[in-house]
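Asker: Structure file model-v9.pdb, PDB, C-alpha atoms, is pasted below:
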```pdb
ATOM      1  CA  MET Y1119    -214.385 -91.644  88.293
ATOM      2  CA  GLN Y1120    -215.427 -91.503  84.632
ATOM      3  CA  ILE Y1121    -212.607 -91.510  82.073
ATOM      4  CA  ALA Y1122    -212.696 -91.219  78.275
ATOM      5  CA  ILE Y1123    -209.918 -92.316  75.918
ATOM      6  CA  CYS Y1124    -210.031 -90.714  72.459
ATOM      7  CA  GLU Y1125    -207.380 -92.662  70.532
ATOM      8  CA  GLU Y1126    -207.476 -93.985  66.950
ATOM      9  CA  CYS Y1127    -204.784 -96.599  67.615
ATOM     10  CA  SER Y1128    -206.284 -99.539  69.516
ATOM     11  CA  LYS Y1129    -202.831-100.588  70.745
ATOM     12  CA  GLU Y1130    -202.213 -97.178  72.322
ATOM     13  CA  ALA Y1131    -205.711 -97.166  73.837
ATOM     14  CA  ALA Y1132    -205.056-100.580  75.366
ATOM     15  CA  ALA Y1133    -201.774 -99.296  76.828
ATOM     16  CA  ILE Y1134    -203.547 -96.362  78.486
ATOM     17  CA  LYS Y1135    -206.167 -98.740  79.904
ATOM     18  CA  GLU Y1136    -203.447-100.943  81.356
ATOM     19  CA  PHE Y1137    -201.756 -97.949  83.003
ATOM     20  CA  LEU Y1138    -205.136 -96.840  84.376
ATOM     21  CA  LYS Y1139    -205.659-100.289  85.868
ATOM     22  CA  LYS Y1140    -202.276-100.144  87.620
ATOM     23  CA  TYR Y1141    -202.908 -96.581  88.770
ATOM     24  CA  SER Y1142    -206.298 -97.514  90.247
ATOM     25  CA  GLN Y1143    -204.701-100.360  92.188
ATOM     26  CA  THR Y1144    -201.935 -98.104  93.478
ATOM     27  CA  LYS Y1145    -204.241 -95.256  94.515
ATOM     28  CA  SER Y1146    -207.326 -97.328  95.462
ATOM     29  CA  LEU Y1147    -209.421 -95.428  92.929
ATOM     30  CA  SER Y1148    -212.320 -96.811  90.936
ATOM     31  CA  PHE Y1149    -212.466 -95.988  87.197
ATOM     32  CA  SER Y1150    -215.062 -96.462  84.488
ATOM     33  CA  VAL Y1151    -213.493 -96.137  81.014
ATOM     34  CA  SER Y1152    -215.161 -95.251  77.695
ATOM     35  CA  GLN Y1153    -213.185 -95.501  74.457
ATOM     36  CA  PHE Y1154    -213.559 -93.435  71.264
ATOM     37  CA  SER Y1155    -211.615 -93.808  68.027
ATOM     38  CA  ASN Y1156    -212.200 -90.205  66.920
ATOM     39  CA  GLY Y1157    -213.052 -86.801  68.363
ATOM     40  CA  THR Y1158    -216.405 -86.518  66.608
ATOM     41  CA  ASP Y1159    -217.902 -89.432  68.535
ATOM     42  CA  LEU Y1160    -216.533 -88.055  71.810
ATOM     43  CA  ILE Y1161    -218.093 -84.649  71.104
ATOM     44  CA  TYR Y1162    -221.462 -86.244  70.293
ATOM     45  CA  GLU Y1163    -221.346 -88.158  73.584
ATOM     46  CA  ILE Y1164    -220.681 -84.994  75.594
ATOM     47  CA  GLU Y1165    -223.398 -83.145  73.667
ATOM     48  CA  ASP Y1166    -225.792 -85.905  74.751
ATOM     49  CA  GLY Y1167    -224.991 -85.139  78.375
ATOM     50  CA  LYS Y1168    -222.300 -87.694  79.203
ATOM     51  CA  HIS Y1169    -219.822 -86.466  81.827
ATOM     52  CA  PHE Y1170    -216.165 -87.482  82.069
ATOM     53  CA  ASP Y1171    -213.848 -86.474  84.884
ATOM     54  CA  ILE Y1172    -210.715 -87.023  82.776
ATOM     55  CA  ILE Y1173    -210.338 -87.248  78.985
ATOM     56  CA  PHE Y1174    -207.273 -88.594  77.178
ATOM     57  CA  ILE Y1175    -207.048 -87.173  73.643
ATOM     58  CA  ASP Y1176    -204.641 -88.394  70.965
ATOM     59  CA  ASP Y1177    -203.345 -85.304  69.149
ATOM     60  CA  LYS Y1178    -203.029 -87.211  65.903
ATOM     61  CA  ASN Y1179    -206.453 -88.808  65.586
ATOM     62  CA  ASN Y1180    -208.855 -88.501  62.670
ATOM     63  CA  TYR Y1181    -210.256 -85.337  64.229
ATOM     64  CA  ASN Y1182    -207.382 -83.069  65.303
ATOM     65  CA  GLY Y1183    -206.852 -83.414  69.049
ATOM     66  CA  ILE Y1184    -206.546 -79.707  69.847
ATOM     67  CA  THR Y1185    -209.680 -78.997  67.813
ATOM     68  CA  THR Y1186    -211.517 -81.743  69.699
ATOM     69  CA  ALA Y1187    -210.501 -80.181  73.010
ATOM     70  CA  GLU Y1188    -211.599 -76.729  71.852
ATOM     71  CA  LYS Y1189    -215.006 -78.110  70.861
ATOM     72  CA  ILE Y1190    -215.638 -79.843  74.175
ATOM     73  CA  ARG Y1191    -214.544 -76.735  76.123
ATOM     74  CA  GLN Y1192    -217.108 -74.794  74.086
ATOM     75  CA  LEU Y1193    -219.661 -77.297  75.392
ATOM     76  CA  ASN Y1194    -218.722 -76.147  78.921
ATOM     77  CA  TYR Y1195    -216.741 -79.276  79.722
ATOM     78  CA  SER Y1196    -214.903 -78.478  82.967
ATOM     79  CA  GLY Y1197    -213.080 -81.770  83.529
ATOM     80  CA  GLU Y1198    -209.407 -82.538  82.992
ATOM     81  CA  ILE Y1199    -207.803 -83.087  79.558
ATOM     82  CA  ILE Y1200    -204.590 -85.053  79.005
ATOM     83  CA  PHE Y1201    -203.084 -85.096  75.506
ATOM     84  CA  THR Y1202    -200.965 -87.912  74.111
ATOM     85  CA  ALA Y1203    -198.945 -87.171  70.954
ATOM     86  CA  ASP Y1204    -196.021 -88.303  68.803
ATOM     87  CA  THR Y1205    -194.295 -84.899  69.164
ATOM     88  CA  ASN Y1206    -194.591 -81.823  71.357
ATOM     89  CA  GLU Y1207    -195.540 -79.711  68.319
ATOM     90  CA  HIS Y1208    -198.872 -78.613  69.813
ATOM     91  CA  ALA Y1209    -197.876 -78.630  73.484
ATOM     92  CA  VAL Y1210    -198.233 -74.854  73.793
ATOM     93  CA  ASP Y1211    -201.704 -75.061  72.237
ATOM     94  CA  GLY Y1212    -202.626 -77.433  75.046
ATOM     95  CA  TYR Y1213    -202.419 -74.553  77.519
ATOM     96  CA  GLU Y1214    -205.071 -72.706  75.506
ATOM     97  CA  VAL Y1215    -207.605 -75.430  76.337
ATOM     98  CA  ASN Y1216    -206.410 -75.722  79.949
ATOM     99  CA  ALA Y1217    -204.942 -79.216  79.558
ATOM    100  CA  CYS Y1218    -203.327 -80.673  82.665
ATOM    101  CA  GLY Y1219    -200.917 -82.831  80.674
ATOM    102  CA  TYR Y1220    -199.290 -83.217  77.250
ATOM    103  CA  ILE Y1221    -197.515 -86.564  77.034
ATOM    104  CA  VAL Y1222    -195.125 -87.320  74.189
ATOM    105  CA  LYS Y1223    -195.110 -90.992  73.206
ATOM    106  CA  PRO Y1224    -193.915 -93.609  73.897
ATOM    107  CA  LEU Y1225    -196.171 -93.802  76.913
ATOM    108  CA  SER Y1226    -194.608 -94.722  80.224
ATOM    109  CA  ARG Y1227    -195.725 -95.330  83.782
ATOM    110  CA  SER Y1228    -193.991 -92.209  85.102
ATOM    111  CA  LYS Y1229    -195.488 -89.935  82.415
ATOM    112  CA  LEU Y1230    -199.037 -91.301  82.793
ATOM    113  CA  PHE Y1231    -198.970 -91.460  86.578
ATOM    114  CA  GLY Y1232    -197.636 -87.899  86.811
ATOM    115  CA  ALA Y1233    -200.437 -86.546  84.614
ATOM    116  CA  LEU Y1234    -203.054 -88.605  86.450
ATOM    117  CA  ASP Y1235    -201.838 -87.307  89.802
ATOM    118  CA  ARG Y1236    -202.348 -83.748  88.616
ATOM    119  CA  ALA Y1237    -205.759 -84.556  87.148
ATOM    120  CA  ALA Y1238    -207.008 -86.615  90.084
ATOM    121  CA  ASP Y1239    -206.042 -84.103  92.781
ATOM    122  CA  LYS Y1240    -209.191 -82.021  92.316
ATOM    123  CA  PHE Y1241    -211.426 -85.096  92.591
ATOM    124  CA  THR Y1242    -209.810 -87.052  95.416
ATOM    125  CA  ALA Y1243    -209.969 -84.096  97.801
ATOM    126  CA  ASP Y1244    -213.755 -83.932  97.585
ATOM    127  CA  VAL Y1245    -214.795 -87.575  97.717
ATOM    128  CA  TYR Y1246    -215.449 -90.295 100.245
ATOM    129  CA  ARG Y1247    -213.913 -93.627  99.356
ATOM    130  CA  PHE Y1248    -214.659 -96.954 101.038
ATOM    131  CA  LYS Y1249    -214.368-100.654 100.357
ATOM    132  CA  HIS Y1250    -217.450-102.758  99.669
ATOM    133  CA  ARG Y1251    -216.581-106.432  99.354
ATOM    134  CA  SER Y1252    -213.821-106.463  96.710
ATOM    135  CA  ASP Y1253    -214.738-103.077  95.195
ATOM    136  CA  ILE Y1254    -213.613 -99.556  96.027
ATOM    137  CA  ILE Y1255    -216.617 -97.201  95.999
ATOM    138  CA  THR Y1256    -215.993 -93.485  95.435
ATOM    139  CA  LEU Y1257    -218.735 -90.944  96.198
ATOM    140  CA  ALA Y1258    -218.613 -87.189  95.642
ATOM    141  CA  LEU Y1259    -219.160 -85.587  99.053
ATOM    142  CA  ASN Y1260    -221.952 -83.359  97.849
ATOM    143  CA  ASP Y1261    -223.797 -86.380  96.439
ATOM    144  CA  ILE Y1262    -224.140 -87.683 100.001
ATOM    145  CA  MET Y1263    -227.314 -86.353 101.654
ATOM    146  CA  PHE Y1264    -226.978 -88.005 105.033
ATOM    147  CA  ILE Y1265    -225.524 -91.025 106.771
ATOM    148  CA  GLU Y1266    -227.603 -93.100 109.135
ATOM    149  CA  SER Y1267    -226.324 -95.404 111.865
ATOM    150  CA  ARG Y1268    -228.372 -98.535 112.352
ATOM    151  CA  ASN Y1269    -227.214-101.274 114.724
ATOM    152  CA  SER Y1270    -223.672-102.273 113.669
ATOM    153  CA  LYS Y1271    -223.807-100.656 110.240
ATOM    154  CA  CYS Y1272    -224.090 -97.257 108.575
ATOM    155  CA  ILE Y1273    -226.212 -96.462 105.539
ATOM    156  CA  ILE Y1274    -225.082 -93.698 103.172
ATOM    157  CA  HIS Y1275    -228.057 -92.032 101.468
ATOM    158  CA  CYS Y1276    -227.228 -90.308  98.168
ATOM    159  CA  LYS Y1277    -229.148 -87.623  96.295
ATOM    160  CA  ASP Y1278    -229.813 -89.975  93.366
ATOM    161  CA  GLY Y1279    -231.624 -92.362  95.726
ATOM    162  CA  ALA Y1280    -228.760 -94.856  95.975
ATOM    163  CA  LYS Y1281    -227.921 -96.374  99.361
ATOM    164  CA  HIS Y1282    -224.599 -97.865 100.427
ATOM    165  CA  THR Y1283    -224.114 -99.970 103.542
ATOM    166  CA  ILE Y1284    -220.856 -99.980 105.520
ATOM    167  CA  TYR Y1285    -220.169-102.032 108.611
ATOM    168  CA  THR Y1286    -218.507 -99.409 110.767
ATOM    169  CA  LYS Y1287    -219.328 -96.780 113.379
ATOM    170  CA  LEU Y1288    -220.794 -93.414 112.435
ATOM    171  CA  SER Y1289    -218.099 -91.693 114.505
ATOM    172  CA  GLU Y1290    -215.452 -93.368 112.320
ATOM    173  CA  ILE Y1291    -217.059 -92.074 109.117
ATOM    174  CA  GLU Y1292    -217.362 -88.612 110.651
ATOM    175  CA  LYS Y1293    -213.653 -88.686 111.451
ATOM    176  CA  GLU Y1294    -212.748 -89.912 107.950
ATOM    177  CA  LEU Y1295    -214.870 -87.243 106.233
ATOM    178  CA  ASN Y1296    -213.562 -84.409 108.419
ATOM    179  CA  ASP Y1297    -215.581 -81.941 106.325
ATOM    180  CA  SER Y1298    -217.371 -78.818 107.546
ATOM    181  CA  ARG Y1299    -220.486 -79.493 105.477
ATOM    182  CA  PHE Y1300    -221.333 -82.573 107.563
ATOM    183  CA  LEU Y1301    -223.074 -82.036 110.906
ATOM    184  CA  ARG Y1302    -223.665 -84.666 113.582
ATOM    185  CA  SER Y1303    -227.272 -83.759 114.343
ATOM    186  CA  HIS Y1304    -228.071 -86.872 116.337
ATOM    187  CA  GLN Y1305    -226.433 -89.985 117.689
ATOM    188  CA  SER Y1306    -227.683 -91.820 114.613
ATOM    189  CA  TYR Y1307    -227.363 -89.153 111.908
ATOM    190  CA  LEU Y1308    -224.653 -87.244 110.075
ATOM    191  CA  VAL Y1309    -226.214 -84.777 107.644
ATOM    192  CA  ASN Y1310    -224.840 -82.829 104.685
ATOM    193  CA  MET Y1311    -225.926 -79.244 105.432
ATOM    194  CA  ASN Y1312    -225.867 -78.362 101.718
ATOM    195  CA  HIS Y1313    -229.052 -80.423 101.358
ATOM    196  CA  ILE Y1314    -230.999 -78.893 104.253
ATOM    197  CA  ILE Y1315    -233.909 -76.623 103.264
ATOM    198  CA  LYS Y1316    -235.570 -76.187 106.654
ATOM    199  CA  ALA Y1317    -234.422 -76.305 110.267
ATOM    200  CA  ASP Y1318    -237.012 -76.665 113.001
ATOM    201  CA  LYS Y1319    -237.271 -79.486 115.519
ATOM    202  CA  CYS Y1320    -235.695 -81.615 112.800
ATOM    203  CA  PHE Y1321    -233.851 -80.936 109.547
ATOM    204  CA  GLU Y1322    -235.844 -81.218 106.336
ATOM    205  CA  LEU Y1323    -233.811 -82.110 103.243
ATOM    206  CA  THR Y1324    -234.301 -81.285  99.583
ATOM    207  CA  ASN Y1325    -235.661 -84.788  98.914
ATOM    208  CA  GLY Y1326    -238.273 -84.519 101.685
ATOM    209  CA  GLU Y1327    -236.390 -86.655 104.204
ATOM    210  CA  LYS Y1328    -236.511 -85.501 107.816
ATOM    211  CA  ILE Y1329    -233.399 -85.894 109.948
ATOM    212  CA  LEU Y1330    -233.598 -86.051 113.732
ATOM    213  CA  ILE Y1331    -231.891 -83.415 115.847
ATOM    214  CA  ARG Y1332    -230.728 -84.272 119.351
ATOM    215  CA  GLN Y1333    -233.277 -82.278 121.369
ATOM    216  CA  ARG Y1334    -231.099 -81.517 124.368
ATOM    217  CA  SER Y1335    -228.601 -79.910 121.960
ATOM    218  CA  LEU Y1336    -231.188 -78.381 119.620
ATOM    219  CA  LYS Y1337    -230.058 -74.742 119.986
ATOM    220  CA  GLU Y1338    -226.382 -75.608 119.645
ATOM    221  CA  ILE Y1339    -226.915 -77.764 116.542
ATOM    222  CA  LYS Y1340    -229.166 -75.210 114.837
ATOM    223  CA  LYS Y1341    -226.575 -72.540 115.624
ATOM    224  CA  LYS Y1342    -223.885 -74.607 113.868
ATOM    225  CA  TYR Y1343    -226.161 -74.910 110.829
ATOM    226  CA  THR Y1344    -226.860 -71.147 110.836
ATOM    227  CA  GLU Y1345    -223.139 -70.387 111.101
ATOM    228  CA  TYR Y1346    -222.384 -72.751 108.226
ATOM    229  CA  THR Y1347    -225.024 -71.278 105.901
ATOM    230  CA  GLY Y1348    -223.809 -67.801 106.800
ATOM    231  CA  THR Y1349    -220.321 -68.610 105.505
ATOM    232  CA  LYS Y1350    -221.451 -70.037 102.168
TER     233      LYS Y1350
END
```
Written as structure tokens, how would this file's structure read?
Answerer:
Amino acid sequence: MQIAICEECSKEAAAIKEFLKKYSQTKSLSFSVSQFSNGTDLIYEIEDGKHFDIIFIDDKNNYNGITTAEKIRQLNYSGEIIFTADTNEHAVDGYEVNACGYIVKPLSRSKLFGALDRAADKFTADVYRFKHRSDIITLALNDIMFIESRNSKCIIHCKDGAKHTIYTKLSEIEKELNDSRFLRSHQSYLVNMNHIIKADKCFELTNGEKILIRQRSLKEIKKKYTEYTGTK
């Protein structure tokens, strides 16, 4: 999860980072944090194509916090915004930019965690999270093209070309995902139907990969795919 902190006070920014660290440990989430001392730099970063899932904005920085939020919404930013401020003077204005939190300082665990829970809900419901060595890896479900079982491990193939190896059974991952977009097409394959462009004797994906279909269940599996695409 990508998070931005727009805060002119380095002490306050450090406090938010520390709360984020504790939150990630509590919720087993993985965060990448970018820090900005003013709204202008944050806006430039978003204009250049950088995406953030959650943005913390100080409503008393060098570039008014509400104005910063208005600017990034105008850039079609659809992520979550959490304001931090010395007073609740502009709390009502926060609703105008669809903020999910307006925290009056001093910052506290309960205030930050409450806002993060609201912000993270929309992301945690649509991700697959697993442990790799000492790290927690979080993947958006629609970024997963297919999962391949090979010997005692599974390989997750992502649309950006990345591959992640997990030492578990494919049936266990299927159970954990429990998502209608994933179809068990073969003993060794679990495919994301959103990435299928052709269904014949095998599934052809948007990246050119071909996924095996269990031939004795060919009609049944293709029917499931047809039913899924018909509901989209």
Asker: Check which residues satisfy the PyMOL selection byres ((chain Y and resi 1197) around 12) in the file shown, then give them as a PDB file with C-alpha atoms, in the coordinates of the input.
Answerer:
```pdb
ATOM      1  CA  MET Y1119    -214.385 -91.644  88.293  1.00  0.00           C
ATOM      2  CA  GLN Y1120    -215.427 -91.503  84.632  1.00  0.00           C
ATOM      3  CA  ILE Y1121    -212.607 -91.510  82.073  1.00  0.00           C
ATOM      4  CA  ALA Y1122    -212.696 -91.219  78.275  1.00  0.00           C
ATOM      5  CA  ILE Y1164    -220.681 -84.994  75.594  1.00  0.00           C
ATOM      6  CA  LYS Y1168    -222.300 -87.694  79.203  1.00  0.00           C
ATOM      7  CA  HIS Y1169    -219.822 -86.466  81.827  1.00  0.00           C
ATOM      8  CA  PHE Y1170    -216.165 -87.482  82.069  1.00  0.00           C
ATOM      9  CA  ASP Y1171    -213.848 -86.474  84.884  1.00  0.00           C
ATOM     10  CA  ILE Y1172    -210.715 -87.023  82.776  1.00  0.00           C
ATOM     11  CA  ILE Y1173    -210.338 -87.248  78.985  1.00  0.00           C
ATOM     12  CA  PHE Y1174    -207.273 -88.594  77.178  1.00  0.00           C
ATOM     13  CA  ALA Y1187    -210.501 -80.181  73.010  1.00  0.00           C
ATOM     14  CA  ILE Y1190    -215.638 -79.843  74.175  1.00  0.00           C
ATOM     15  CA  ARG Y1191    -214.544 -76.735  76.123  1.00  0.00           C
ATOM     16  CA  LEU Y1193    -219.661 -77.297  75.392  1.00  0.00           C
ATOM     17  CA  ASN Y1194    -218.722 -76.147  78.921  1.00  0.00           C
ATOM     18  CA  TYR Y1195    -216.741 -79.276  79.722  1.00  0.00           C
ATOM     19  CA  SER Y1196    -214.903 -78.478  82.967  1.00  0.00           C
ATOM     20  CA  GLU Y1198    -209.407 -82.538  82.992  1.00  0.00           C
ATOM     21  CA  ILE Y1199    -207.803 -83.087  79.558  1.00  0.00           C
ATOM     22  CA  ILE Y1200    -204.590 -85.053  79.005  1.00  0.00           C
ATOM     23  CA  VAL Y1215    -207.605 -75.430  76.337  1.00  0.00           C
ATOM     24  CA  ASN Y1216    -206.410 -75.722  79.949  1.00  0.00           C
ATOM     25  CA  ALA Y1217    -204.942 -79.216  79.558  1.00  0.00           C
ATOM     26  CA  CYS Y1218    -203.327 -80.673  82.665  1.00  0.00           C
ATOM     27  CA  ALA Y1237    -205.759 -84.556  87.148  1.00  0.00           C
ATOM     28  CA  ALA Y1238    -207.008 -86.615  90.084  1.00  0.00           C
ATOM     29  CA  ASP Y1239    -206.042 -84.103  92.781  1.00  0.00           C
ATOM     30  CA  LYS Y1240    -209.191 -82.021  92.316  1.00  0.00           C
ATOM     31  CA  PHE Y1241    -211.426 -85.096  92.591  1.00  0.00           C
TER      32      PHE Y1241
END
```
Asker: With all atoms listed in the file as the basis for distance, which of Y:Leu1230, Y:Ile1329, Y:Cys1124, Y:Ala1132 is at the shortest distance from Y:Thr1186?
Answerer: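 Answer, going by the shortest atom-to-atom distance: Y:Cys1124.
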Asker: Quick one: residues within 8 Å of (-230.6, -87.9, 101.1) (file frame), counting all atoms listed in the file, please, as a JSON list (two decimals) with C-alpha atoms, keeping the file's coordinate frame.
Answerer:
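What follows is the written file point-v9.json:
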```json
[["chain", "number", "residue", "atom", "x", "y", "z"],
["Y", 1262, "ILE", "CA", -224.14, -87.68, 100.00],
["Y", 1263, "MET", "CA", -227.31, -86.35, 101.65],
["Y", 1264, "PHE", "CA", -226.98, -88.00, 105.03],
["Y", 1275, "HIS", "CA", -228.06, -92.03, 101.47],
["Y", 1276, "CYS", "CA", -227.23, -90.31, 98.17],
["Y", 1277, "LYS", "CA", -229.15, -87.62, 96.30],
["Y", 1279, "GLY", "CA", -231.62, -92.36, 95.73],
["Y", 1313, "HIS", "CA", -229.05, -80.42, 101.36],
["Y", 1323, "LEU", "CA", -233.81, -82.11, 103.24],
["Y", 1324, "THR", "CA", -234.30, -81.28, 99.58],
["Y", 1325, "ASN", "CA", -235.66, -84.79, 98.91],
["Y", 1327, "GLU", "CA", -236.39, -86.66, 104.20]]
```
Asker: Between Y:Asp1244, Y:Glu1188, Y:Glu1214, Y:Glu1266, single out the one closest to Y:Gln1305, counting all atoms listed in the file.
Answerer: Y:Glu1266
Asker: What is the distance, in Å and to one decimal place, between atom CA of Y:Val1245 and atom CA of Y:His1282?
Answerer: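 Rounded to one decimal, the two atoms are 14.5 Å apart.
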Asker: Using only C-alpha atoms, which residue out of Y:Leu1308, Y:Leu1288, Y:Ile1274, Y:Ala1203 lies closest to Y:Lys1223?
Answerer: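 Closest residue, counting only C-alpha atoms: Y:Ala1203.
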